[in-house]
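Here the structure is laid out as C-alpha cells; the discussion comes afterwards.
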Amino acid sequence: MPLLLIALAVLALLVLMIVFRLNAFLALILVALGLGIAEGMPVKDAITSVQNGIGSTLGSIALIIGFGSMLGSLISDSGAAQRISLSLIKKFGVRYIQWAMILTGFVVGLPMFYNAGFILLIPLVFSIAASTGLPLLFVGIPMAAALSVTHGYLPPHPGPTSIAVIYKADMGLTLIYGLIIAVPAIILAGPIFTRFLSRFKAAPPAGLAPPRIFTDEEMPGFGVSFFTAVFPVLLMALATLANAVLPEASVLRQTLDFVGDPAIALLLSVFLAIYTLGLNRGRKMDDIMAVLSGSVSSVAMIMLIIGGGGALKQVLVDSGVGDYITTLVKDMALSPLVLAWSVAALLRVCLGSATVAAITTAGITLPVIAATGVSPELMVLATGAGSLMFSHVNDPGFWMFKEYFSLSIPDTIATWSIMETLVSVIGLLGVLALNAFVI
C-alpha cells in the first residue's frame, strides 16, 4: 500500500504540472500534504511535517544558492565571464576551439545556473562560428554539454547541493567524484558527439538583440577572473584533501574545514569578487550591491521549489514510508545507484524539470542509503545524472536550445535531447565504475 500511494503521489504531481500547468512549488506542497494525509497522518502533523521539511532543506542550502547566485552575477556583470571565454579561445586557437568552449562552459557554469550561463555564452558561440566559418553546433554543443554537466553533477548548483543535503553527503567529496565523472561525460557528449551532427544546419535566430560586449579596458584580467570564478571550488577541494591526509586535531585541517564549507567558501568568494571584480575596478559599492540584490531575487522560485521537494521528503520520512522502503530494499538485487538514476530519469522525462526530478527522487530513495550502506556521494551523482535524462518538449531548456539555434523539433531532439541523454547515461556508468573503488 505505501508504494501504491507513492506511485499515486508521483502521478498526481505529473497531472498537476503537465495537465493543469501548476507551478512546481504549489504542486509539490499539495502532493506532500495529500500523501501525508493518505498515509494516515493527522492533518496538523502533515502540515508540521511539510513545514519542517521546507525549513530543514532551505536552512541547509539557502545560503549556498544565494551566495552562488551573487558570485555568478558579479562574474557576468563585470565582464569576467567574457574575459575567461575570449582568453581561452585565443589560447586554444581555431583548431582546438571545442576544448576552449568546454573549459569556458565549465568555468562559467560552476557558479552560475544553466539558463544564465547559456544566455551569457550563446552570443559568444555565434560570434566564434561566424568568424571561423565553423558549424554552429560544432561550437555550441561542447559549451552546452559542459554547462549541463556542471548543473547536474556538481555543487554548489541547486540540484546537486540539495540532494547532497538530503542524502547527508560530504559536499567536497561529491564535488571531487563529480569532477572525475564530468570529464568523460563532457568529452563524449561534446566534441565526439558533434562528429555525427554535420547534417544538421543551425543558425542564429533572426533579429536577436545584440548582447552587451565589453571592451578590453572594461574587462578584468584573465588571471583574476579565472581565480575568482574557481575560488569556491578550490576551497572545497582543499578541505576534502585536508580531511583525507591530516589528523583530526590539526589546526590546519580545522581551518580548512571551516573555509571549505560550501556556504563559507561561497561567502568568501562573494567578498573576493566584490573587491577583485568591483571595488578594484573602480565600481561604487552601491552599484555592486544592486547587482547582488537582483541576483538573489532571480532565484527565489528555485529556492521555493527545492523547499517543496524537502517537504515531500519529510512527509515520506514522518509517515513511515521510509521505513517501509528500507525493509524492501535490504535484499534488493538492483543496485541502489541504478535505482536512484532510474527514478530520477523517469521523473525527468515526465516532468521536464531536472531540479524537481532530483529533489523528488532524493526523498523517495533516501532510505536506500541506510539500508544498503551505499556511498551517499555516489547516490548524489547517480540522482543528478538521472535528472538530466532526455530533455524534450516539457523542458524549458529544450525550447531555449531550439530557438537559439533555429532548429526544428525533430532536429532539436536529435541534437540537444540526445546530448542530454549521453550526459545522463555516461554519468551513470561513471558512478558505477567509481563504486568499484569507493568503500
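Chains: A, B, ... in order of the C-alpha cells. Residues: from 1 per chain. Ligands: from 1, in order shown.
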Exercise. Please provide the set of residues having any atom within 6 Å of A:Gly260, restricted to only C-alpha atoms, with same-chain residues fewer than 4 positions apart removed, written as a ChimeraX atom specification.
Key: /A:235-236,239,256,265
Quiz prompt | Close residues, stretch 75-87 of chain A itself excluded, 10 Å, only C-alpha atoms, min 3 positions apart in chain, as an MDAnalysis selection string | solution = chainID A and resid 69:72 90:93 100:105 107:109 111:112 116:117 120:121 124 128 212:216 218:226 228:229 270 273:274 276:278 281 283 288 291
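The nearest approach to A:Tyr177 among the residues A:Leu22, A:Val317, A:Ala237, A:Ile306, with only C-alpha atoms taken into account, belongs to A:Ala237.
The nearest approach to A:Leu238 among the residues A:Thr355, A:Leu173, A:Ala370, A:Leu266, with only C-alpha atoms taken into account, belongs to A:Leu173.
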Determine, using only C-alpha atoms, which residues of stretch 135-254 of chain A have any atom at most 7 Å from an atom of stretch 395-410 of chain A, and tabulate each with its shortest atom pair and distance in Å to one decimal place, rows ordered by chain and then rising number, as a Markdown table.
| residue | atom | partner | partner_atom | distance |
| --- | --- | --- | --- | --- |
| A:Ala202 | CA | A:Phe405 | CA | 5.2 |
| A:Ala203 | CA | A:Phe405 | CA | 5.3 |
| A:Pro204 | CA | A:Phe405 | CA | 5.5 |
| A:Pro205 | CA | A:Tyr404 | CA | 5.7 |
Exercise. Find the residues near A:Thr132: any atom within 12 Å, counting only C-alpha atoms, skip ones fewer than 5 places away on the same chain, and give them as a PyMOL selection string.
Key: chain A and resi 89+93-97+125-127+138-139
Just-selected residues, all heavy atoms written as a PDB file, in the first residue's frame:
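Written file, result-v1.pdb:
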ATOM      1  N   ILE A  89      39.701  30.973 -25.701  1.00  0.00           N
ATOM      2  CA  ILE A  89      39.568  30.764 -27.146  1.00  0.00           C
ATOM      3  C   ILE A  89      40.835  31.221 -27.870  1.00  0.00           C
ATOM      4  O   ILE A  89      41.322  30.560 -28.790  1.00  0.00           O
ATOM      5  CB  ILE A  89      38.330  31.520 -27.668  1.00  0.00           C
ATOM      6  CG1 ILE A  89      37.062  30.826 -27.147  1.00  0.00           C
ATOM      7  CG2 ILE A  89      38.316  31.583 -29.185  1.00  0.00           C
ATOM      8  CD1 ILE A  89      35.843  31.680 -27.215  1.00  0.00           C
ATOM      9  N   GLY A  93      43.048  28.505 -29.911  1.00  0.00           N
ATOM     10  CA  GLY A  93      43.040  28.658 -31.359  1.00  0.00           C
ATOM     11  C   GLY A  93      41.881  27.936 -32.016  1.00  0.00           C
ATOM     12  O   GLY A  93      41.140  27.179 -31.380  1.00  0.00           O
ATOM     13  N   VAL A  94      41.720  28.141 -33.319  1.00  0.00           N
ATOM     14  CA  VAL A  94      40.587  27.582 -34.059  1.00  0.00           C
ATOM     15  C   VAL A  94      40.618  26.052 -34.059  1.00  0.00           C
ATOM     16  O   VAL A  94      39.592  25.391 -33.942  1.00  0.00           O
ATOM     17  CB  VAL A  94      40.580  28.114 -35.510  1.00  0.00           C
ATOM     18  CG1 VAL A  94      39.479  27.439 -36.319  1.00  0.00           C
ATOM     19  CG2 VAL A  94      40.405  29.627 -35.522  1.00  0.00           C
ATOM     20  N   ARG A  95      41.804  25.476 -34.153  1.00  0.00           N
ATOM     21  CA  ARG A  95      41.911  24.027 -34.261  1.00  0.00           C
ATOM     22  C   ARG A  95      41.336  23.314 -33.035  1.00  0.00           C
ATOM     23  O   ARG A  95      40.734  22.247 -33.159  1.00  0.00           O
ATOM     24  CB  ARG A  95      43.378  23.640 -34.450  1.00  0.00           C
ATOM     25  CG  ARG A  95      43.585  22.133 -34.628  1.00  0.00           C
ATOM     26  CD  ARG A  95      45.048  21.818 -34.883  1.00  0.00           C
ATOM     27  NE  ARG A  95      45.275  20.384 -35.038  1.00  0.00           N
ATOM     28  CZ  ARG A  95      46.473  19.833 -35.217  1.00  0.00           C
ATOM     29  NH1 ARG A  95      47.548  20.607 -35.282  1.00  0.00           N
ATOM     30  NH2 ARG A  95      46.597  18.518 -35.341  1.00  0.00           N
ATOM     31  N   TYR A  96      41.523  23.901 -31.881  1.00  0.00           N
ATOM     32  CA  TYR A  96      41.054  23.279 -30.633  1.00  0.00           C
ATOM     33  C   TYR A  96      39.937  24.100 -29.990  1.00  0.00           C
ATOM     34  O   TYR A  96      39.815  24.148 -28.765  1.00  0.00           O
ATOM     35  CB  TYR A  96      42.222  23.127 -29.659  1.00  0.00           C
ATOM     36  CG  TYR A  96      43.337  22.255 -30.192  1.00  0.00           C
ATOM     37  CD1 TYR A  96      44.537  22.822 -30.613  1.00  0.00           C
ATOM     38  CD2 TYR A  96      43.189  20.869 -30.300  1.00  0.00           C
ATOM     39  CE1 TYR A  96      45.561  22.031 -31.119  1.00  0.00           C
ATOM     40  CE2 TYR A  96      44.206  20.075 -30.795  1.00  0.00           C
ATOM     41  CZ  TYR A  96      45.383  20.657 -31.197  1.00  0.00           C
ATOM     42  OH  TYR A  96      46.400  19.868 -31.699  1.00  0.00           O
ATOM     43  N   ILE A  97      39.126  24.728 -30.838  1.00  0.00           N
ATOM     44  CA  ILE A  97      38.097  25.631 -30.340  1.00  0.00           C
ATOM     45  C   ILE A  97      37.089  24.911 -29.452  1.00  0.00           C
ATOM     46  O   ILE A  97      36.547  25.484 -28.492  1.00  0.00           O
ATOM     47  CB  ILE A  97      37.382  26.320 -31.527  1.00  0.00           C
ATOM     48  CG1 ILE A  97      36.627  27.557 -31.033  1.00  0.00           C
ATOM     49  CG2 ILE A  97      36.427  25.377 -32.226  1.00  0.00           C
ATOM     50  CD1 ILE A  97      37.510  28.677 -30.631  1.00  0.00           C
ATOM     51  N   VAL A 125      29.176  32.056 -28.806  1.00  0.00           N
ATOM     52  CA  VAL A 125      29.109  30.922 -29.738  1.00  0.00           C
ATOM     53  C   VAL A 125      28.820  31.420 -31.151  1.00  0.00           C
ATOM     54  O   VAL A 125      29.461  31.011 -32.122  1.00  0.00           O
ATOM     55  CB  VAL A 125      28.030  29.911 -29.284  1.00  0.00           C
ATOM     56  CG1 VAL A 125      27.803  28.846 -30.355  1.00  0.00           C
ATOM     57  CG2 VAL A 125      28.431  29.256 -27.970  1.00  0.00           C
ATOM     58  N   PHE A 126      27.847  32.319 -31.262  1.00  0.00           N
ATOM     59  CA  PHE A 126      27.500  32.870 -32.571  1.00  0.00           C
ATOM     60  C   PHE A 126      28.690  33.608 -33.191  1.00  0.00           C
ATOM     61  O   PHE A 126      28.980  33.475 -34.388  1.00  0.00           O
ATOM     62  CB  PHE A 126      26.309  33.834 -32.452  1.00  0.00           C
ATOM     63  CG  PHE A 126      25.030  33.174 -32.035  1.00  0.00           C
ATOM     64  CD1 PHE A 126      24.054  33.899 -31.375  1.00  0.00           C
ATOM     65  CD2 PHE A 126      24.794  31.836 -32.295  1.00  0.00           C
ATOM     66  CE1 PHE A 126      22.869  33.308 -30.987  1.00  0.00           C
ATOM     67  CE2 PHE A 126      23.609  31.229 -31.912  1.00  0.00           C
ATOM     68  CZ  PHE A 126      22.642  31.976 -31.249  1.00  0.00           C
ATOM     69  N   SER A 127      29.364  34.403 -32.371  1.00  0.00           N
ATOM     70  CA  SER A 127      30.495  35.192 -32.861  1.00  0.00           C
ATOM     71  C   SER A 127      31.632  34.295 -33.347  1.00  0.00           C
ATOM     72  O   SER A 127      32.217  34.538 -34.420  1.00  0.00           O
ATOM     73  CB  SER A 127      30.991  36.122 -31.745  1.00  0.00           C
ATOM     74  OG  SER A 127      32.151  36.801 -32.128  1.00  0.00           O
ATOM     75  N   PHE A 138      28.861  22.646 -33.940  1.00  0.00           N
ATOM     76  CA  PHE A 138      30.230  22.217 -33.640  1.00  0.00           C
ATOM     77  C   PHE A 138      30.811  23.045 -32.495  1.00  0.00           C
ATOM     78  O   PHE A 138      31.558  22.543 -31.659  1.00  0.00           O
ATOM     79  CB  PHE A 138      31.088  22.357 -34.900  1.00  0.00           C
ATOM     80  CG  PHE A 138      32.506  21.886 -34.742  1.00  0.00           C
ATOM     81  CD1 PHE A 138      32.843  20.560 -34.957  1.00  0.00           C
ATOM     82  CD2 PHE A 138      33.521  22.778 -34.391  1.00  0.00           C
ATOM     83  CE1 PHE A 138      34.156  20.122 -34.815  1.00  0.00           C
ATOM     84  CE2 PHE A 138      34.832  22.357 -34.254  1.00  0.00           C
ATOM     85  CZ  PHE A 138      35.144  21.017 -34.458  1.00  0.00           C
ATOM     86  N   VAL A 139      30.435  24.319 -32.459  1.00  0.00           N
ATOM     87  CA  VAL A 139      30.920  25.223 -31.413  1.00  0.00           C
ATOM     88  C   VAL A 139      30.002  25.182 -30.184  1.00  0.00           C
ATOM     89  O   VAL A 139      30.471  25.213 -29.046  1.00  0.00           O
ATOM     90  CB  VAL A 139      31.005  26.672 -31.943  1.00  0.00           C
ATOM     91  CG1 VAL A 139      31.495  27.620 -30.863  1.00  0.00           C
ATOM     92  CG2 VAL A 139      31.919  26.734 -33.157  1.00  0.00           C
TER      93      VAL A 139
END
Self-check item: Distance query A:Phe67 at most 10 Å, only C-alpha atoms, self and fewer than 4 positions along chain excluded, as a VMD selection string
Solution: chain A and resid 61 to 63 71 to 73 111 156 262 to 271 292 295 to 296
May I have the selected residues written with C-alpha atoms, as a JSON list (two decimals), in the first residue's frame?
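File written: out_8.json
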[["chain", "number", "residue", "atom", "x", "y", "z"],
["A", 61, "ILE", "CA", 21.12, 25.33, 1.21],
["A", 62, "ALA", "CA", 19.59, 28.82, 1.10],
["A", 63, "LEU", "CA", 22.98, 30.39, 1.83],
["A", 71, "LEU", "CA", 29.00, 35.25, -7.34],
["A", 72, "GLY", "CA", 27.64, 34.30, -10.75],
["A", 73, "SER", "CA", 26.07, 37.73, -11.25],
["A", 111, "PRO", "CA", 28.99, 29.43, -10.14],
["A", 156, "PRO", "CA", 27.13, 24.39, -5.48],
["A", 262, "PRO", "CA", 30.23, 25.28, 0.82],
["A", 263, "ALA", "CA", 28.37, 28.24, 2.35],
["A", 264, "ILE", "CA", 31.53, 29.77, 3.81],
["A", 265, "ALA", "CA", 33.52, 29.11, 0.63],
["A", 266, "LEU", "CA", 30.91, 30.91, -1.45],
["A", 267, "LEU", "CA", 30.58, 33.75, 1.06],
["A", 268, "LEU", "CA", 34.35, 34.32, 0.96],
["A", 269, "SER", "CA", 34.20, 34.12, -2.86],
["A", 270, "VAL", "CA", 31.49, 36.79, -2.96],
["A", 271, "PHE", "CA", 33.64, 39.13, -0.83],
["A", 292, "LEU", "CA", 23.75, 41.31, -5.70],
["A", 295, "SER", "CA", 20.77, 38.12, -8.39],
["A", 296, "VAL", "CA", 19.02, 36.88, -5.25]]
Exercise. Name all residues at most 9 Å from A:Leu35 (count only C-alpha atoms; drop same-chain ones fewer than 3 positions away) and give them as a list of chain:residue names.
Key: A:Leu5, A:Ile6, A:Leu8, A:Ala9, A:Leu30, A:Val31, A:Ala32, A:Ala38, A:Glu39, A:Gly40, A:Met41, A:Ala46, A:Leu312, A:Val315, A:Leu316, A:Ser319
Give me a file of those residues, with all heavy atoms, as an mmCIF file, in the first residue's frame.
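Wrote it out as again-v3.cif, contents follow:
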data_model
loop_
_atom_site.group_PDB
_atom_site.id
_atom_site.type_symbol
_atom_site.label_atom_id
_atom_site.label_comp_id
_atom_site.auth_asym_id
_atom_site.auth_seq_id
_atom_site.Cartn_x
_atom_site.Cartn_y
_atom_site.Cartn_z
ATOM 1 N N LEU A 5 0.691 4.316 -2.840
ATOM 2 C CA LEU A 5 0.430 5.721 -2.532
ATOM 3 C C LEU A 5 1.537 6.618 -3.087
ATOM 4 O O LEU A 5 1.262 7.727 -3.554
ATOM 5 C CB LEU A 5 0.301 5.903 -1.018
ATOM 6 C CG LEU A 5 -0.968 5.316 -0.379
ATOM 7 C CD1 LEU A 5 -0.932 5.476 1.129
ATOM 8 C CD2 LEU A 5 -2.223 5.964 -0.959
ATOM 9 N N ILE A 6 2.779 6.153 -3.025
ATOM 10 C CA ILE A 6 3.880 6.928 -3.613
ATOM 11 C C ILE A 6 3.679 7.069 -5.121
ATOM 12 O O ILE A 6 3.850 8.151 -5.698
ATOM 13 C CB ILE A 6 5.225 6.257 -3.309
ATOM 14 C CG1 ILE A 6 5.559 6.359 -1.826
ATOM 15 C CG2 ILE A 6 6.347 6.918 -4.113
ATOM 16 C CD1 ILE A 6 6.827 5.643 -1.424
ATOM 17 N N LEU A 8 0.872 6.953 -6.742
ATOM 18 C CA LEU A 8 -0.244 7.871 -6.973
ATOM 19 C C LEU A 8 0.180 9.314 -6.726
ATOM 20 O O LEU A 8 -0.266 10.232 -7.428
ATOM 21 C CB LEU A 8 -1.425 7.506 -6.067
ATOM 22 C CG LEU A 8 -2.139 6.184 -6.394
ATOM 23 C CD1 LEU A 8 -3.195 5.865 -5.340
ATOM 24 C CD2 LEU A 8 -2.764 6.242 -7.787
ATOM 25 N N ALA A 9 1.067 9.523 -5.736
ATOM 26 C CA ALA A 9 1.558 10.871 -5.457
ATOM 27 C C ALA A 9 2.372 11.408 -6.633
ATOM 28 O O ALA A 9 2.224 12.568 -7.036
ATOM 29 C CB ALA A 9 2.401 10.868 -4.185
ATOM 30 N N LEU A 30 1.056 20.556 -2.433
ATOM 31 C CA LEU A 30 -0.231 19.853 -2.455
ATOM 32 C C LEU A 30 -0.037 18.342 -2.379
ATOM 33 O O LEU A 30 -0.730 17.643 -1.633
ATOM 34 C CB LEU A 30 -1.016 20.221 -3.716
ATOM 35 C CG LEU A 30 -1.637 21.622 -3.761
ATOM 36 C CD1 LEU A 30 -2.325 21.855 -5.095
ATOM 37 C CD2 LEU A 30 -2.641 21.788 -2.614
ATOM 38 N N VAL A 31 0.900 17.833 -3.149
ATOM 39 C CA VAL A 31 1.158 16.386 -3.164
ATOM 40 C C VAL A 31 1.701 15.924 -1.826
ATOM 41 O O VAL A 31 1.320 14.864 -1.319
ATOM 42 C CB VAL A 31 2.123 16.028 -4.312
ATOM 43 C CG1 VAL A 31 2.632 14.597 -4.167
ATOM 44 C CG2 VAL A 31 1.439 16.212 -5.658
ATOM 45 N N ALA A 32 2.604 16.713 -1.229
ATOM 46 C CA ALA A 32 3.165 16.345 0.079
ATOM 47 C C ALA A 32 2.071 16.258 1.142
ATOM 48 O O ALA A 32 1.999 15.295 1.923
ATOM 49 C CB ALA A 32 4.237 17.349 0.491
ATOM 50 N N ALA A 38 -3.048 10.775 3.235
ATOM 51 C CA ALA A 38 -3.383 9.444 2.713
ATOM 52 C C ALA A 38 -2.655 8.342 3.481
ATOM 53 O O ALA A 38 -3.160 7.219 3.615
ATOM 54 C CB ALA A 38 -3.029 9.368 1.231
ATOM 55 N N GLU A 39 -1.470 8.655 4.007
ATOM 56 C CA GLU A 39 -0.710 7.680 4.788
ATOM 57 C C GLU A 39 -1.206 7.562 6.226
ATOM 58 O O GLU A 39 -0.649 6.801 7.022
ATOM 59 C CB GLU A 39 0.778 8.059 4.791
ATOM 60 C CG GLU A 39 1.484 7.846 3.471
ATOM 61 C CD GLU A 39 1.769 6.385 3.181
ATOM 62 O OE1 GLU A 39 1.487 5.540 4.050
ATOM 63 O OE2 GLU A 39 2.249 6.090 2.080
ATOM 64 N N GLY A 40 -2.239 8.345 6.555
ATOM 65 C CA GLY A 40 -2.825 8.235 7.883
ATOM 66 C C GLY A 40 -2.340 9.258 8.881
ATOM 67 O O GLY A 40 -2.661 9.168 10.074
ATOM 68 N N MET A 41 -1.566 10.238 8.456
ATOM 69 C CA MET A 41 -1.105 11.281 9.369
ATOM 70 C C MET A 41 -2.242 12.246 9.682
ATOM 71 O O MET A 41 -3.006 12.617 8.780
ATOM 72 C CB MET A 41 0.062 12.070 8.758
ATOM 73 C CG MET A 41 1.319 11.268 8.484
ATOM 74 S SD MET A 41 2.616 12.270 7.683
ATOM 75 C CE MET A 41 3.064 13.379 9.026
ATOM 76 N N ALA A 46 0.657 16.463 9.336
ATOM 77 C CA ALA A 46 1.090 16.570 7.938
ATOM 78 C C ALA A 46 1.586 17.975 7.636
ATOM 79 O O ALA A 46 2.608 18.172 6.966
ATOM 80 C CB ALA A 46 -0.062 16.200 6.996
ATOM 81 N N LEU A 312 8.120 17.176 0.635
ATOM 82 C CA LEU A 312 7.716 15.839 0.223
ATOM 83 C C LEU A 312 8.614 14.781 0.853
ATOM 84 O O LEU A 312 8.142 13.726 1.314
ATOM 85 C CB LEU A 312 7.758 15.733 -1.306
ATOM 86 C CG LEU A 312 7.346 14.385 -1.914
ATOM 87 C CD1 LEU A 312 5.937 13.999 -1.492
ATOM 88 C CD2 LEU A 312 7.449 14.437 -3.438
ATOM 89 N N VAL A 315 7.626 14.310 4.569
ATOM 90 C CA VAL A 315 6.380 13.559 4.721
ATOM 91 C C VAL A 315 6.632 12.067 4.532
ATOM 92 O O VAL A 315 6.085 11.229 5.267
ATOM 93 C CB VAL A 315 5.317 14.069 3.722
ATOM 94 C CG1 VAL A 315 4.136 13.101 3.638
ATOM 95 C CG2 VAL A 315 4.831 15.454 4.123
ATOM 96 N N LEU A 316 7.472 11.727 3.555
ATOM 97 C CA LEU A 316 7.806 10.320 3.334
ATOM 98 C C LEU A 316 8.487 9.724 4.567
ATOM 99 O O LEU A 316 8.247 8.573 4.932
ATOM 100 C CB LEU A 316 8.715 10.182 2.115
ATOM 101 C CG LEU A 316 8.067 10.412 0.748
ATOM 102 C CD1 LEU A 316 9.129 10.558 -0.333
ATOM 103 C CD2 LEU A 316 7.118 9.288 0.398
ATOM 104 N N SER A 319 5.822 9.823 7.791
ATOM 105 C CA SER A 319 4.650 8.956 7.674
ATOM 106 C C SER A 319 4.994 7.475 7.796
ATOM 107 O O SER A 319 4.101 6.621 7.833
ATOM 108 C CB SER A 319 3.952 9.193 6.324
ATOM 109 O OG SER A 319 4.801 8.820 5.257
#
Exercise. Choose the residue, out of A:Leu422, A:Leu28, A:Val438, A:Leu154, that has the smallest atom-to-atom separation from A:Ile192; count only C-alpha atoms.
Key: A:Leu422
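Comparing the minimum interatomic distances between A:Ile180 and each of A:Ala130, A:Met419, A:Val15, A:Leu381, counting only C-alpha atoms, we find that A:Leu381 sits nearest.
When only C-alpha atoms are used to compute distances to A:His157, the closest of the residues A:Val299, A:Ala12, A:Ile418, A:Ile187 turns out to be A:Val299.
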I'd like the neighbourhood of A:Val165 as a PDB file with all heavy atoms, in the first residue's frame, where a residue qualifies if any of its atoms comes within 8 Å (using only C-alpha atoms), though same-chain residues fewer than 3 positions away should be ignored.
ATOM      1  N   THR A  57      15.414  21.798   4.790  1.00  0.00           N
ATOM      2  CA  THR A  57      16.070  21.788   3.477  1.00  0.00           C
ATOM      3  C   THR A  57      16.633  23.165   3.131  1.00  0.00           C
ATOM      4  O   THR A  57      17.811  23.309   2.794  1.00  0.00           O
ATOM      5  CB  THR A  57      15.092  21.338   2.379  1.00  0.00           C
ATOM      6  OG1 THR A  57      14.592  20.040   2.695  1.00  0.00           O
ATOM      7  CG2 THR A  57      15.792  21.290   1.026  1.00  0.00           C
ATOM      8  N   SER A  60      19.627  24.514   5.096  1.00  0.00           N
ATOM      9  CA  SER A  60      20.947  23.997   4.754  1.00  0.00           C
ATOM     10  C   SER A  60      21.498  24.577   3.456  1.00  0.00           C
ATOM     11  O   SER A  60      22.709  24.664   3.284  1.00  0.00           O
ATOM     12  CB  SER A  60      20.882  22.463   4.629  1.00  0.00           C
ATOM     13  OG  SER A  60      20.428  21.881   5.821  1.00  0.00           O
ATOM     14  N   ILE A  61      20.622  24.958   2.539  1.00  0.00           N
ATOM     15  CA  ILE A  61      21.124  25.332   1.213  1.00  0.00           C
ATOM     16  C   ILE A  61      20.787  26.749   0.767  1.00  0.00           C
ATOM     17  O   ILE A  61      21.285  27.193  -0.264  1.00  0.00           O
ATOM     18  CB  ILE A  61      20.610  24.360   0.129  1.00  0.00           C
ATOM     19  CG1 ILE A  61      19.095  24.485   0.004  1.00  0.00           C
ATOM     20  CG2 ILE A  61      21.015  22.940   0.427  1.00  0.00           C
ATOM     21  CD1 ILE A  61      18.552  23.782  -1.208  1.00  0.00           C
ATOM     22  N   THR A 161      23.385  20.262  -4.811  1.00  0.00           N
ATOM     23  CA  THR A 161      23.543  20.712  -3.430  1.00  0.00           C
ATOM     24  C   THR A 161      22.403  20.231  -2.549  1.00  0.00           C
ATOM     25  O   THR A 161      22.614  19.710  -1.447  1.00  0.00           O
ATOM     26  CB  THR A 161      23.622  22.253  -3.377  1.00  0.00           C
ATOM     27  OG1 THR A 161      24.737  22.696  -4.135  1.00  0.00           O
ATOM     28  CG2 THR A 161      23.765  22.742  -1.944  1.00  0.00           C
ATOM     29  N   SER A 162      21.168  20.389  -3.033  1.00  0.00           N
ATOM     30  CA  SER A 162      20.020  19.977  -2.235  1.00  0.00           C
ATOM     31  C   SER A 162      19.956  18.467  -2.082  1.00  0.00           C
ATOM     32  O   SER A 162      19.576  17.951  -1.023  1.00  0.00           O
ATOM     33  CB  SER A 162      18.726  20.507  -2.852  1.00  0.00           C
ATOM     34  OG  SER A 162      18.683  20.274  -4.238  1.00  0.00           O
ATOM     35  N   LYS A 168      22.755  13.621   3.116  1.00  0.00           N
ATOM     36  CA  LYS A 168      23.825  13.841   4.107  1.00  0.00           C
ATOM     37  C   LYS A 168      25.192  13.442   3.542  1.00  0.00           C
ATOM     38  O   LYS A 168      26.008  12.802   4.207  1.00  0.00           O
ATOM     39  CB  LYS A 168      23.532  13.088   5.406  1.00  0.00           C
ATOM     40  CG  LYS A 168      22.309  13.604   6.156  1.00  0.00           C
ATOM     41  CD  LYS A 168      22.088  12.858   7.453  1.00  0.00           C
ATOM     42  CE  LYS A 168      20.972  13.491   8.275  1.00  0.00           C
ATOM     43  NZ  LYS A 168      19.683  13.560   7.565  1.00  0.00           N
ATOM     44  N   ALA A 169      25.430  13.833   2.303  1.00  0.00           N
ATOM     45  CA  ALA A 169      26.693  13.533   1.631  1.00  0.00           C
ATOM     46  C   ALA A 169      27.712  14.633   1.905  1.00  0.00           C
ATOM     47  O   ALA A 169      27.348  15.791   2.144  1.00  0.00           O
ATOM     48  CB  ALA A 169      26.466  13.393   0.125  1.00  0.00           C
TER      49      ALA A 169
END
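Of the residues listed (A:Leu241, A:Met289, A:Leu4, A:Leu33), A:Leu241 shows the shortest atom-to-atom separation from A:Asp257; distances use only C-alpha atoms.
For the pair atom CA of A:Asp411 and atom CA of A:Pro135, the separation is 14.8 Å.
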Quiz item: Using the chain letters and numbers from this document, which residues of stretch 101-197 of chain A does DSSP assign to alpha helix (DSSP H), as a VMD selection string?
Solution: chain A and resid 101 to 109 114 to 132 136 to 153 158 to 167 171 to 187 193 to 194
